[in-house]
$ cat entry-v8.txt   # compact mmCIF, C-alpha atoms
# COMPACT_ATOMS: atom_id res chain seq x y z
CA MET F 1 6.84 16.94 21.35
CA THR F 2 5.08 17.80 18.10
CA SER F 3 4.88 15.64 15.03
CA ASP F 4 5.88 16.88 11.59
CA LYS F 5 3.57 14.30 10.05
CA LYS F 6 0.56 15.66 8.23
CA PRO F 7 -2.70 14.49 9.83
CA ARG F 8 -5.11 12.48 7.70
CA MET F 9 -7.98 14.55 6.36
CA ALA F 10 -11.21 14.50 8.30
CA GLY F 11 -14.11 13.25 6.25
CA LYS F 12 -11.97 11.11 3.98
CA SER F 13 -13.71 8.59 1.78
CA ALA F 14 -14.68 5.06 2.74
CA ARG F 15 -12.17 3.88 0.13
CA SER F 16 -9.41 5.90 1.83
CA ASP F 17 -10.39 4.44 5.21
CA ALA F 18 -10.26 0.93 3.75
CA ARG F 19 -6.81 1.54 2.30
CA GLU F 20 -5.56 2.82 5.64
CA ARG F 21 -6.98 -0.16 7.51
CA ALA F 22 -5.49 -2.55 4.93
CA MET F 23 -2.11 -0.86 5.39
CA HIS F 24 -2.28 -1.40 9.15
CA ILE F 25 -3.21 -5.06 8.72
CA LEU F 26 -0.42 -5.64 6.18
CA TYR F 27 2.05 -3.82 8.44
CA GLU F 28 1.10 -6.10 11.34
CA ALA F 29 1.42 -9.17 9.13
CA ASP F 30 4.82 -8.09 7.82
CA THR F 31 6.27 -7.31 11.24
CA LYS F 32 4.94 -10.58 12.72
CA GLY F 33 6.00 -12.75 9.79
CA LEU F 34 2.40 -13.72 9.02
CA SER F 35 0.31 -13.48 5.89
CA GLY F 36 -2.18 -10.67 5.55
CA THR F 37 -5.00 -13.19 5.47
CA GLU F 38 -3.89 -14.67 8.80
CA VAL F 39 -4.00 -11.26 10.46
CA LEU F 40 -7.29 -10.48 8.73
CA ALA F 41 -8.84 -13.67 10.12
CA HIS F 42 -7.98 -12.61 13.69
CA GLN F 43 -9.43 -9.10 13.60
CA VAL F 44 -11.68 -8.42 16.58
CA LEU F 45 -13.75 -5.79 14.79
CA GLY F 46 -15.49 -6.46 11.49
CA VAL F 47 -13.53 -5.65 8.36
CA ASP F 48 -15.19 -4.00 5.36
CA ASP F 49 -15.21 -5.63 1.93
CA LEU F 50 -12.65 -3.31 0.33
CA THR F 51 -10.11 -3.79 3.13
CA THR F 52 -10.60 -7.54 2.82
CA GLN F 53 -10.22 -7.35 -0.96
CA ILE F 54 -6.96 -5.38 -0.72
CA VAL F 55 -5.39 -7.55 2.01
CA THR F 56 -6.43 -10.79 0.32
CA GLY F 57 -5.30 -9.52 -3.08
CA VAL F 58 -1.89 -8.53 -1.76
CA ALA F 59 -1.49 -11.92 -0.05
CA THR F 60 -2.58 -13.80 -3.17
CA HIS F 61 -0.35 -11.88 -5.60
CA LEU F 62 2.55 -11.05 -3.26
CA ASP F 63 5.36 -12.45 -5.42
CA GLU F 64 4.05 -10.73 -8.55
CA LEU F 65 3.60 -7.39 -6.73
CA ASP F 66 7.05 -7.56 -5.15
CA GLY F 67 8.52 -8.37 -8.58
CA HIS F 68 7.06 -5.17 -10.05
CA ILE F 69 8.28 -3.14 -7.08
CA VAL F 70 11.86 -4.46 -7.15
CA GLU F 71 11.98 -4.00 -10.92
CA CYS F 72 11.07 -0.31 -10.64
CA ALA F 73 12.67 0.62 -7.29
CA ASN F 74 16.14 1.27 -8.75
CA GLY F 75 18.54 -0.56 -6.45
CA TRP F 76 16.18 -1.05 -3.50
CA THR F 77 15.50 -4.53 -2.19
CA MET F 78 12.20 -5.23 -0.46
CA SER F 79 13.97 -5.85 2.86
CA ARG F 80 15.74 -2.47 2.67
CA MET F 81 12.49 -0.50 2.32
CA PRO F 82 10.68 0.79 5.40
CA VAL F 83 7.87 -1.64 6.29
CA ILE F 84 5.16 0.96 5.70
CA ASP F 85 6.55 1.89 2.27
CA ARG F 86 6.80 -1.76 1.25
CA ASN F 87 3.19 -2.45 2.15
CA VAL F 88 1.80 0.80 0.74
CA LEU F 89 3.55 -0.06 -2.53
CA ARG F 90 2.13 -3.59 -2.49
CA MET F 91 -1.40 -2.27 -1.97
CA ALA F 92 -1.08 0.31 -4.72
CA VAL F 93 0.44 -2.12 -7.21
CA PHE F 94 -2.40 -4.53 -6.45
CA GLU F 95 -4.94 -1.78 -7.17
CA LEU F 96 -3.13 -0.68 -10.32
CA SER F 97 -3.03 -4.27 -11.55
CA TYR F 98 -6.42 -5.58 -10.50
CA SER F 99 -8.73 -2.57 -10.01
CA GLN F 100 -8.75 -1.07 -13.46
CA ASP F 101 -11.77 1.08 -12.54
CA VAL F 102 -9.68 3.14 -10.11
CA PRO F 103 -7.74 5.90 -11.90
CA VAL F 104 -3.94 5.74 -11.76
CA ALA F 105 -3.72 9.24 -10.26
CA VAL F 106 -6.08 8.28 -7.42
CA VAL F 107 -4.12 5.12 -6.56
CA ILE F 108 -0.80 6.97 -6.57
CA ASN F 109 -2.12 9.97 -4.63
CA GLU F 110 -3.66 7.77 -1.91
CA ALA F 111 -0.46 5.74 -1.59
CA VAL F 112 1.71 8.86 -1.39
CA GLU F 113 -0.54 10.33 1.31
CA LEU F 114 -0.35 7.12 3.38
CA ALA F 115 3.44 7.06 3.03
CA LYS F 116 3.78 10.75 3.95
CA THR F 117 1.48 10.34 6.95
CA PHE F 118 2.81 7.08 8.40
CA SER F 119 6.40 6.66 7.18
CA THR F 120 9.61 8.64 6.69
CA ASP F 121 10.09 12.17 5.39
CA ASP F 122 11.32 10.79 2.05
CA SER F 123 8.64 8.12 1.67
CA GLY F 124 6.16 10.19 -0.30
CA ARG F 125 8.67 10.94 -3.05
CA PHE F 126 9.95 7.36 -3.06
CA VAL F 127 6.46 5.83 -3.32
CA ASN F 128 5.46 8.34 -6.00
CA GLY F 129 8.48 7.54 -8.15
CA VAL F 130 8.16 3.78 -7.88
CA LEU F 131 4.41 3.80 -8.57
CA SER F 132 4.76 6.17 -11.51
CA ALA F 133 7.17 3.71 -13.13
CA ILE F 134 5.03 0.66 -12.29
CA SER F 135 1.83 2.28 -13.56
CA LYS F 136 3.41 2.62 -17.01
CA VAL F 137 4.00 -1.15 -17.02
CA VAL F 138 0.78 -2.52 -15.50
CA ARG F 139 -1.62 -0.01 -17.08
CA ALA F 140 0.12 0.12 -20.48
CA SER F 141 -2.83 -1.34 -22.34
$ encode --input "entry-v8.txt" --output "structure tokens"
Amino acid sequence: MTSDKKPRMAGKSARSDARERAMHILYEADTKGLSGTEVLAHQVLGVDDLTTQIVTGVATHLDELDGHIVECANGWTMSRMPVIDRNVLRMAVFELSYSQDVPVAVVINEAVELAKTFSTDDSGRFVNGVLSAISKVVRAS
């Protein structure tokens, strides 16, 4: 059985690796009904600073992030979204809101790639559309 999913690029950046690890931690937290910080605290292997920053930031600002997502997701509730999409969106909205030094295009591209690699066939387009709308709100200034 072959997978239609595109493999992650070899030699990707440390920032890309951190985003991917954060996504896995947030996915585990979401599926177990825990907070990201609870899952982070129980990691066997050390976790880099950026992964910790993303997971902690998402946990700290969860209601705000989810509010932006629901507002721009045109009829989608958080519970209706695939778990990966929901958490990729949360991570990206956190970065758009609180990491002003990271360009909008980079945040959106990384999120789309994670969604395309780990979620459904339609996830890349969905994540791109939602984040494009949110970026206009949170990076308006």
$ closest_atom_pairs --input "entry-v8.txt" --of "region 41-95 of chain F" --to "region 23-30 of chain F" --cutoff "7 Å" --atoms "all atoms listed in the file" --output "CSV"
residue,atom,partner,partner_atom,distance
F:Val55,CA,F:Leu26,CA,6.8
F:Val83,CA,F:Tyr27,CA,6.6
F:Ile84,CA,F:Tyr27,CA,6.3
F:Asn87,CA,F:Leu26,CA,6.3
F:Val88,CA,F:Met23,CA,6.3
$ residues_around --input "entry-v8.txt" --residues "region 41-52 of chain F" --least-positions-apart "4" --cutoff "7 Å" --atoms "only C-alpha atoms" --output "list of chain:residue names"
F:Ala18, F:Arg19, F:Arg21, F:Ala22, F:Thr37, F:Thr56
$ atom_distance --input "entry-v8.txt" --atom1 "CA of Ala73 (chain F)" --atom2 "CA of Gly33 (chain F)"
22.7 Å
$ atom_distance --input "entry-v8.txt" --atom1 "CA of Glu95 (chain F)" --atom2 "CA of Leu131 (chain F)"
11.0 Å
$ residues_around --input "entry-v8.txt" --residues "Val104 (chain F)" --least-positions-apart "3" --cutoff "9 Å" --atoms "all atoms listed in the file" --output "PyMOL selection string"
chain F and resi 95-96+100+107-109+132+135+139
$ atom_distance --input "entry-v8.txt" --atom1 "CA of Asp17 (chain F)" --atom2 "CA of Val138 (chain F)"
24.5 Å
$ closest_residue --input "entry-v8.txt" --among "F:Glu38, F:Asp85, F:Gly129, F:Arg90" --to "Thr117 (chain F)" --atoms "all atoms listed in the file"
F:Asp85
